[in-house]
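Written out below as structure tokens is the structure these notes cover.
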Amino acid sequence: MRRLLYLLLLLFAAPVAAQSPDRCYPNGGQQGTTVQVTFPAMAMVESAVLVVDGDGVKAQGPFVKGVGQVEIAADARPGLRQVRLVGPKTATSPRPFMVGVLPVFLEKEPNNTGAQAQPLAQLPVTLHGALPQPQDIDVYRLSLKKGDFLVAASESRRVGAPTNLGFYLRDAAGKNVPTRLDYRRRDPLYTCLIPADGEYQVHLHEINTLGEFSDGTTYWLTLTTGPWIDYVSPPAAPAGATAALNFTGWNLGGKPGPSTLAAELPIPAEAPRDYPVSAGGAPNLAVVQVTATPDIPEAEPNNAPASAQPLALPASISGTFGARGDVDVFQVTARAKEVLTLTVEARELESYADPVLKILDPSGKMLQSEDDQNASRDPSLTWTAPADGVYSIVLKDVASGSRGGPSFFYRLRVAAGVSDLRLKAKDPTYIVKPGAKVEVVVTVSQSYQPDEVTLRVEGLPPGVTAAPVTVPASPKRENTTQAKIVLTAAPDAAPGFGAVRVIATTSGATPLSSAATWMITGDGGWGYGTGSTDRLIVLVPTP
């Protein structure tokens, strides 16, 4: 069965492309440690500066020929940062850098066979290594006890590697121990019950054998027999209050294997929108969305328009496709030509659900349907009511007939006429020579009553200027356009750089503001994009 699963993954997996030359290795470390990090693309640069998005991570000095020491504070917030090197004439693209709470064990070749297995002194531990060739296998050795429940959780794709990590566990006699395979954002997670005391070997390999390989095909794998969080529910909590949360995962509350743990956690009044939470001593984090007011809980039975749950707008609902075939229906009253915006979040919240969103008229006729939106697996839409009436909002999982349960949770937000402003920068770095000009291209997207938009640049290096740019208002309800900001360097502009932000502000009674972001992806959206940065480098190079 396991071999069949691997063959299926091989057949349907996207080709693996070589990692960006802007990669860094290792791309992370444990809190309270100093890590030597290498940027291969900067190997010829005598001195470069490390730029970090976020706090708790800094360089101990300049990077020389792409190599430098990175200090991770003991109280650094766990999770991803974006880092890049800026040299006198060039800069790398932002790359993900992981901060963890567990010791990081770096792979050392050769470790391709059981006889060469690297020993692991204790668990939990995070392994960080590379699989640069299709035939490469990394083997580690560790001691386990009967009744231990092992969790092997990969976090490779979310930290920028095109790695689909294969895993198998062998006992001292060379016999494979059966494991269960799950996926979290295309990163595999393996679990198994240890049948007897003894020494075991962990074998790691790349499942995909299509496309190119490079030393950028790296992996992060945490091995633990202790607590590990899969997800948290409800997925949202109000700021400045104590949230009653249910954590689901493995080995929680001292119970080996799949388990849950209830915890009450304070949510700070100033907490960011995506707030990391943990409980039970787990080394990893789940994320809740912080809201101004509590979500409305979905109320069953609401599987059909006749039993739909009524909503008063604006509304935010936390729901679950609790069983196979579950359909959740909500009703709203709208006036003719009234505009509603509907947003569903599931995959973004680490849910297993892949929702489909539909709107039905009072007779049950479908008026609009949405599955995925742009590069997201979560649907959203802006809809105009054709007439006064009561309309049904229908939500279900794309494969509702075959799956469902507590892990298939979602958030639905419905509001009348909510504007939106999004900006995307074409490039992360702009090099402008003294006396020259360079264009910064920004895609500006608005929904519902687009207004005039003014763009300006903050944080430019000395000697570089950029005049504000205005994008005229559009009669379209959905409007996307490109704006070009011209960077001008004075003839005597001194060499240097700035980590700048492009800020857009709308006109109108309720102004909106947003910063242009550059999306950090590795494979064109196939599963290991690692976030975004709103810091763009503007560099005046040395002569």
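Lettering and numbering for the structure tokens are positional, with chains as A, B, ... in the shown order, residues counted from 1 in each chain, and ligands counted from 1 in the shown order.
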
Item to check | Non-local contacts of Pro266 of chain A (9 Å; only C-alpha atoms; under 2 positions in same chain excluded) as a VMD selection string | outcome: chain A and resid 239 to 244 264 268

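Close contacts of Ile537 of chain A, defined as residues with an atom at most 10 Å away when counting only C-alpha atoms, with chain neighbours fewer than 2 positions off set aside, comprise Val51, Arg84, Val86, Thr90, Ala91, Thr92, Ser93, Pro94, Asp427, Pro428, Thr429, Tyr430, Ile431, Gly459, Leu460, Pro461, Phe497, Gly498, Ala499, Val500, Arg501, Asp534, Arg535, Leu539 and Val540 of chain A.
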
Next on the checklist: What's around Pro272 of chain A at 10 Å? Count only C-alpha atoms, leave out sequence neighbours fewer than 2 positions away in its own chain, and write the answer as JSON, numbers by chain.
Outcome noted: {"A": [239, 267, 268, 269, 270, 274, 275, 276, 288, 289, 290, 291]}

Next on the checklist: Using only C-alpha atoms, which protein or nucleic acid residues come within 7 Å of segment 150-156 of chain A? Drop anything in the same chain fewer than 4 positions from it, and give the result as a list of chain:residue names.
Outcome noted: A:Gly160, A:Ala161, A:Thr163, A:Asp187, A:Pro188, A:Leu189, A:Tyr190, A:Thr191, A:Cys192, A:Leu193, A:Thr218, A:Tyr219, A:Trp220, A:Leu221, A:Thr222, A:Leu223, A:Thr224, A:Thr225

Checklist entry - If you run DSSP on the backbone, which residues of segment 226-284 of chain A are strand (DSSP E or B), as a ChimeraX atom specification? => result /A:228-233,236-238,241-250,258-267,274-277

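Proximity to Gly389 of chain A was assessed for A:Thr333, A:Pro132, A:Ala415, A:Ser351 counting only C-alpha atoms; the smallest distance is recorded for A:Thr333.
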
Checklist outcome for this item: Across A:Thr506, A:Thr488, A:Gly226, A:Ser316, the smallest distance to Ala282 of chain A, with only C-alpha atoms counted, is shown by A:Gly226
